[in-house]
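Engineer: First the structure, which I've put down as structure tokens, then a few questions once you've had a look.
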Amino acid sequence: MSESAVKASGTSAVSVPDPGRWKALIFIALAQLMVVLDATIVNIALPSAQQDLGISDGNRQWVVTAYALAFGGLLLFGGRIADLWGRKRAFVIGLVGFAVASALGGAATNEAMMFGSRALQGVFGALLAPAALSLLAVMFTDAKERAKAFGIYGAIAGGGGAVGLILGGFLTEYLNWRWTFFVNIPFAIVAAIGAWYVIREPKGARNRAPLDIPGVILSTLGLVALVYGFTRAESEGWGDSLTVGMFVASGLLLLAFVAVESKVKAPLLPLRVITERNRGGIYLSLGLAVIGMFGLFLFLTYYLQIVRGYTPVRTGFAFLPMIVGMIVGSTQIGTRLMTRVPPRLLMGPGFLVAAVGMLLLTQLKIDSSYAALLLPGMLLLGLGMGTAFMPAMSLATQGVAPRDSGVASAMVNTSQQVGGAIGTALLNTIAASATTSYIADNIAGAGTSRTAQELVQLRGMVEGYTSAIWFAVGILVAAALIAATMVNAGRPGSTPVASSGDGAESAGDELPVPVVAH
């Protein structure tokens, strides 16, 4: 695409928008949907796959953990590779690799093959996810167009998981669990072919500095230790010696990573990316919001299937109000207001609306009405999250020099991945503790009747879920406060964000970018 356009004002050079950018968005969105779907679709298939492959109860967590460790640990490296190789190339390689890994998972004949395929999915997912987000960042530079593009991306990122429940339920009930892996292959092939022919990455956007090997090793090991620590805490408890050891090792490794990044000439993660006030506030508030959201997603799935006896397909459809809310919040509210008001006035209230939705869900009982309680709660949660996520994802990559857009995008994914690991472990622990306490206090009064004892156990489960959801409400309020106080960028202007390599911005985009010489 042409690089000759220069702003008349002379403030900075910008590239002419790619005429195929809206077609490119279709394939980027398709790839994002595939990655988000995979996170929930496999959970639906896990019981069937476990039985078919003879995976023990002690080892079944590795179907999820193998992916989480590879994905979470390699995200920063994947973002840097996208900056180095070019985002289009990284995107296509990530798609092809994800498809191959999915084919291996669907064809798995034993647990080792299954765990290996899941780890391989995580490796290529860590290359694909930052490349997708950074492609949007460098292709959509006009403020209004950027708002629309990130509105679509945000809706998929938020609502795709619930779609995964529906699709996973259908595939598991009417075909078999292997199709929850095979379904990724057509997604990946269509997205890869489309991306190869349609995406035109702006010239001069690569970061050709030498790879920071010590940074890669320290960040990968530190993030793997952190994610595994939270994963292990969920099953073995917070006092387990290996769990504690993982947290200590993670802290030391990540501190060493920060020290190395502050000294090397070409860092893996330039500290300017995360120390800028707005981006720091976004990474922190997004991570907190995902803690609450992941925990709620898990508890509502358990509540609907175990307490209410819903089938997987019916459970998936029960989440439709959340999907609708996210799509409306992201593509209508967020997109329409993003160019008119500062991002904090969308993020702060958005997280608060989501907190109100969660607050409704703290009133869950074993016989709660879906229409009177769950539907409005999930609708508000979706509306709030969609409204907040959309400007957050746009602003996290806005004003970043193109050479840094891969790692800036990777930090968005990392905050969500770590938030998800914390949310699952922390809120599960709170729920389990409350359930145990409730059953211990009430089981004696149930007598010897099996029906009465089962009722106490179900009430105990619901008590655990609502106790954890109360914590999630507090976490979302904290996310709203951080967004309202730390994110101080003005509303995006109608002129393009500069995409020259110097990190400069056009007038009207009030996000300051520190320029650090390499």
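Numbering starts fresh at 1 for the residues of each chain in the structure tokens, the chains themselves are lettered A, B, ... in the order given, and ligands are numbered from 1 as they appear.
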Produce a table with one row for each residue of segment 369-416 of chain A that has an atom at most 8 Å from any atom of segment 80-93 of chain A, each row naming the nearest atom pair and its distance in Å at one decimal; use only C-alpha atoms; arrange rows by chain and rising residue number; format as a Markdown table.

Structural biologist:
| residue | atom | partner | partner_atom | distance |
| --- | --- | --- | --- | --- |
| A:Arg403 | CA | A:Asp83 | CA | 6.0 |
| A:Asp404 | CA | A:Asp83 | CA | 6.8 |
| A:Ser405 | CA | A:Asp83 | CA | 7.1 |
| A:Gly406 | CA | A:Asp83 | CA | 5.3 |
| A:Val407 | CA | A:Arg80 | CA | 5.5 |

Engineer: So which residues touch Ala484 of chain A within 8 Å, counting only C-alpha atoms, skipping near sequence neighbours fewer than 2 positions away, as a PyMOL selection string?

Structural biologist: chain A and resi 344-345+347-348+480-482+486-488

Engineer: Dump N, CA and C atoms for the selected residues as a PDB file, in the first residue's frame?

Structural biologist:
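The new file out21.pdb reads:
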ATOM      1  N   ARG A 344     -12.350   6.678  29.656  1.00  0.00           N
ATOM      2  CA  ARG A 344     -12.669   6.350  31.057  1.00  0.00           C
ATOM      3  C   ARG A 344     -14.177   6.459  31.329  1.00  0.00           C
ATOM      4  N   LEU A 345     -14.889   7.323  30.543  1.00  0.00           N
ATOM      5  CA  LEU A 345     -16.329   7.476  30.731  1.00  0.00           C
ATOM      6  C   LEU A 345     -17.118   6.332  30.097  1.00  0.00           C
ATOM      7  N   MET A 347     -15.304   3.020  30.111  1.00  0.00           N
ATOM      8  CA  MET A 347     -14.765   1.886  30.870  1.00  0.00           C
ATOM      9  C   MET A 347     -15.289   1.847  32.302  1.00  0.00           C
ATOM     10  N   GLY A 348     -15.201   2.986  33.012  1.00  0.00           N
ATOM     11  CA  GLY A 348     -15.638   3.024  34.408  1.00  0.00           C
ATOM     12  C   GLY A 348     -17.109   2.649  34.564  1.00  0.00           C
ATOM     13  N   ALA A 480     -13.435  -0.703  37.860  1.00  0.00           N
ATOM     14  CA  ALA A 480     -14.064   0.568  37.466  1.00  0.00           C
ATOM     15  C   ALA A 480     -13.308   1.759  38.045  1.00  0.00           C
ATOM     16  N   LEU A 481     -12.897   1.654  39.315  1.00  0.00           N
ATOM     17  CA  LEU A 481     -12.155   2.749  39.959  1.00  0.00           C
ATOM     18  C   LEU A 481     -10.805   2.976  39.296  1.00  0.00           C
ATOM     19  N   ILE A 482     -10.110   1.882  38.965  1.00  0.00           N
ATOM     20  CA  ILE A 482      -8.805   2.000  38.295  1.00  0.00           C
ATOM     21  C   ILE A 482      -8.967   2.648  36.932  1.00  0.00           C
ATOM     22  N   MET A 486      -6.976   6.065  36.533  1.00  0.00           N
ATOM     23  CA  MET A 486      -5.698   5.944  35.842  1.00  0.00           C
ATOM     24  C   MET A 486      -5.782   6.276  34.352  1.00  0.00           C
ATOM     25  N   VAL A 487      -6.904   5.958  33.716  1.00  0.00           N
ATOM     26  CA  VAL A 487      -7.035   6.208  32.275  1.00  0.00           C
ATOM     27  C   VAL A 487      -7.497   7.652  32.086  1.00  0.00           C
ATOM     28  N   ASN A 488      -6.578   8.523  31.683  1.00  0.00           N
ATOM     29  CA  ASN A 488      -6.918   9.944  31.576  1.00  0.00           C
ATOM     30  C   ASN A 488      -6.802  10.490  30.160  1.00  0.00           C
TER      31      ASN A 488
END

Engineer: Which residue, A:Gly309, A:Gly237, A:Pro349, A:Gly245, has the smallest gap to Ile430 of chain A when you use only C-alpha atoms?

Structural biologist: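 Answer, going by the shortest atom-to-atom distance: A:Gly237.
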
Engineer: Skip Leu361 of chain A itself and residues of its chain fewer than 4 positions away, then list as a list of chain:residue names all residues within 7 Å of it, counting only C-alpha atoms.

Structural biologist: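 Final neighbour list, sorted by chain and number: A:Gly357, A:Leu373, A:Leu374, A:Gly377.
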
Engineer: Pick out the residues sitting within 12 Å of Gly334 of chain A, and hand them over as a PyMOL selection string; count only C-alpha atoms, and ignore anything fewer than 5 positions along from it in its own chain.

Structural biologist: chain A and resi 144+146-155+325-329+339-347+349-350+383-394

Engineer: Export, as a compact mmCIF listing (two decimals), in the first residue's frame, the selected residues with N, CA, C and O atoms.

Structural biologist:
# COMPACT_ATOMS: atom_id res chain seq x y z
N LYS A 144 -12.75 6.99 13.84
CA LYS A 144 -14.11 6.42 13.72
C LYS A 144 -14.07 4.99 13.18
O LYS A 144 -14.81 4.12 13.65
N ARG A 146 -11.53 2.97 13.49
CA ARG A 146 -10.92 2.17 14.56
C ARG A 146 -11.98 1.77 15.58
O ARG A 146 -11.99 0.64 16.07
N ALA A 147 -12.88 2.69 15.89
CA ALA A 147 -13.95 2.41 16.85
C ALA A 147 -14.83 1.25 16.36
O ALA A 147 -15.16 0.34 17.12
N LYS A 148 -15.19 1.29 15.07
CA LYS A 148 -16.03 0.21 14.52
C LYS A 148 -15.28 -1.13 14.53
O LYS A 148 -15.83 -2.17 14.91
N ALA A 149 -14.01 -1.11 14.09
CA ALA A 149 -13.23 -2.34 14.00
C ALA A 149 -13.03 -2.97 15.37
O ALA A 149 -13.21 -4.18 15.55
N PHE A 150 -12.69 -2.15 16.36
CA PHE A 150 -12.47 -2.69 17.71
C PHE A 150 -13.79 -3.04 18.38
O PHE A 150 -13.82 -3.88 19.29
N GLY A 151 -14.89 -2.41 17.95
CA GLY A 151 -16.19 -2.82 18.46
C GLY A 151 -16.51 -4.25 18.07
O GLY A 151 -16.96 -5.06 18.89
N ILE A 152 -16.25 -4.59 16.80
CA ILE A 152 -16.48 -5.96 16.33
C ILE A 152 -15.53 -6.92 17.04
O ILE A 152 -15.95 -7.99 17.52
N TYR A 153 -14.27 -6.54 17.12
CA TYR A 153 -13.26 -7.40 17.77
C TYR A 153 -13.60 -7.63 19.24
O TYR A 153 -13.52 -8.74 19.76
N GLY A 154 -14.00 -6.55 19.92
CA GLY A 154 -14.34 -6.65 21.34
C GLY A 154 -15.55 -7.53 21.59
O GLY A 154 -15.59 -8.29 22.56
N ALA A 155 -16.55 -7.44 20.69
CA ALA A 155 -17.74 -8.28 20.84
C ALA A 155 -17.38 -9.75 20.72
O ALA A 155 -17.87 -10.61 21.47
N GLY A 325 -25.88 -8.86 25.01
CA GLY A 325 -25.43 -7.67 25.74
C GLY A 325 -24.05 -7.23 25.31
O GLY A 325 -23.80 -6.03 25.13
N MET A 326 -23.14 -8.18 25.15
CA MET A 326 -21.77 -7.83 24.74
C MET A 326 -21.73 -7.24 23.34
O MET A 326 -21.00 -6.28 23.09
N ILE A 327 -22.51 -7.82 22.43
CA ILE A 327 -22.53 -7.31 21.06
C ILE A 327 -23.09 -5.89 21.03
O ILE A 327 -22.53 -4.99 20.39
N VAL A 328 -24.19 -5.67 21.75
CA VAL A 328 -24.79 -4.32 21.79
C VAL A 328 -23.84 -3.34 22.47
O VAL A 328 -23.60 -2.23 21.97
N GLY A 329 -23.28 -3.73 23.61
CA GLY A 329 -22.37 -2.85 24.33
C GLY A 329 -21.15 -2.48 23.51
O GLY A 329 -20.69 -1.33 23.52
N THR A 339 -15.70 7.96 19.98
CA THR A 339 -15.12 9.17 19.38
C THR A 339 -15.73 10.45 19.96
O THR A 339 -15.36 11.55 19.54
N ARG A 340 -16.65 10.31 20.92
CA ARG A 340 -17.33 11.48 21.48
C ARG A 340 -16.97 11.75 22.93
O ARG A 340 -17.08 12.89 23.39
N VAL A 341 -16.60 10.70 23.67
CA VAL A 341 -16.28 10.88 25.09
C VAL A 341 -14.94 10.22 25.41
O VAL A 341 -14.51 9.30 24.69
N PRO A 342 -14.26 10.65 26.46
CA PRO A 342 -13.00 10.00 26.86
C PRO A 342 -13.24 8.53 27.22
O PRO A 342 -14.31 8.18 27.73
N PRO A 343 -12.26 7.66 26.97
CA PRO A 343 -12.42 6.22 27.24
C PRO A 343 -12.83 5.89 28.67
O PRO A 343 -13.59 4.95 28.90
N ARG A 344 -12.35 6.68 29.66
CA ARG A 344 -12.67 6.35 31.06
C ARG A 344 -14.18 6.46 31.33
O ARG A 344 -14.69 5.80 32.24
N LEU A 345 -14.89 7.32 30.54
CA LEU A 345 -16.33 7.48 30.73
C LEU A 345 -17.12 6.33 30.10
O LEU A 345 -18.34 6.25 30.26
N LEU A 346 -16.44 5.46 29.38
CA LEU A 346 -17.05 4.23 28.90
C LEU A 346 -16.60 3.05 29.77
O LEU A 346 -17.41 2.19 30.13
N MET A 347 -15.30 3.02 30.11
CA MET A 347 -14.76 1.89 30.87
C MET A 347 -15.29 1.85 32.30
O MET A 347 -15.77 0.82 32.78
N PRO A 349 -18.03 3.37 33.89
CA PRO A 349 -19.45 3.00 33.98
C PRO A 349 -19.73 1.61 33.43
O PRO A 349 -20.61 0.90 33.94
N GLY A 350 -18.99 1.18 32.41
CA GLY A 350 -19.20 -0.16 31.84
C GLY A 350 -18.94 -1.24 32.87
O GLY A 350 -19.75 -2.17 33.05
N LEU A 383 -23.71 -6.20 28.66
CA LEU A 383 -23.73 -4.80 28.24
C LEU A 383 -22.53 -4.04 28.82
O LEU A 383 -21.85 -3.31 28.11
N GLY A 384 -22.31 -4.23 30.11
CA GLY A 384 -21.22 -3.52 30.78
C GLY A 384 -19.85 -3.92 30.26
O GLY A 384 -19.00 -3.08 29.96
N MET A 385 -19.64 -5.23 30.15
CA MET A 385 -18.34 -5.72 29.69
C MET A 385 -18.08 -5.32 28.24
O MET A 385 -16.97 -4.91 27.88
N GLY A 386 -19.10 -5.43 27.39
CA GLY A 386 -18.93 -5.03 25.99
C GLY A 386 -18.59 -3.56 25.85
O GLY A 386 -17.70 -3.18 25.07
N THR A 387 -19.27 -2.73 26.62
CA THR A 387 -19.02 -1.28 26.57
C THR A 387 -17.61 -0.95 27.05
O THR A 387 -16.95 -0.06 26.49
N ALA A 388 -17.13 -1.65 28.07
CA ALA A 388 -15.81 -1.35 28.65
C ALA A 388 -14.67 -1.97 27.84
O ALA A 388 -13.61 -1.36 27.66
N PHE A 389 -14.85 -3.21 27.37
CA PHE A 389 -13.78 -3.91 26.67
C PHE A 389 -13.39 -3.22 25.37
O PHE A 389 -12.22 -3.16 25.01
N MET A 390 -14.38 -2.70 24.66
CA MET A 390 -14.11 -2.16 23.33
C MET A 390 -13.12 -0.97 23.36
O MET A 390 -12.09 -1.01 22.68
N PRO A 391 -13.36 0.09 24.15
CA PRO A 391 -12.37 1.17 24.19
C PRO A 391 -11.05 0.74 24.83
O PRO A 391 -9.99 1.25 24.48
N ALA A 392 -11.12 -0.23 25.77
CA ALA A 392 -9.89 -0.69 26.42
C ALA A 392 -8.95 -1.34 25.41
O ALA A 392 -7.74 -1.06 25.38
N MET A 393 -9.49 -2.20 24.56
CA MET A 393 -8.64 -2.88 23.57
C MET A 393 -8.10 -1.92 22.53
O MET A 393 -6.98 -2.06 22.05
N SER A 394 -8.90 -0.92 22.17
CA SER A 394 -8.44 0.07 21.20
C SER A 394 -7.34 0.95 21.80
O SER A 394 -6.29 1.15 21.19

Engineer: Just the number, please: distance in Å from atom CA of Met34 of chain A to atom CA of Ala70 of chain A, one decimal.

Structural biologist: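 Atom-to-atom, atom CA of Met34 of chain A to atom CA of Ala70 of chain A, that is 17.2 Å.
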
Engineer: As an MDAnalysis selection string, please: every residue in segment 46-144 of chain A that a backbone DSSP assignment puts in helix (DSSP H, G or I).

Structural biologist: chainID A and resid 46:53 62:85 87:106 111:139 143:144

Engineer: Might you pull out every residue within 10 Å of Thr243 of chain A, with only C-alpha atoms counted and same-chain residues fewer than 3 positions away left off, and present them as a PyMOL selection string?

Structural biologist: chain A and resi 225-226+228-234+236-240+246-249

Engineer: Could you please determine the separation between atom CA of Pro267 of chain A and atom CA of Ala195 of chain A in Å, to one decimal place?

Structural biologist: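 Calculated distance between atom CA of Pro267 of chain A and atom CA of Ala195 of chain A is 29.0 Å.
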
Engineer: Measuring between only C-alpha atoms, which one of A:Leu175, A:Ala137, A:Ile333, A:Leu75 shows the shortest distance to Ser48 of chain A?

Structural biologist: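 Closest candidate: A:Leu175.
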
Engineer: Taking into account only C-alpha atoms, which residue in the set A:Ala101, A:Val258, A:Ile306, A:Val163 is nearest to Pro270 of chain A?

Structural biologist: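 Closest residue, counting only C-alpha atoms: A:Val258.
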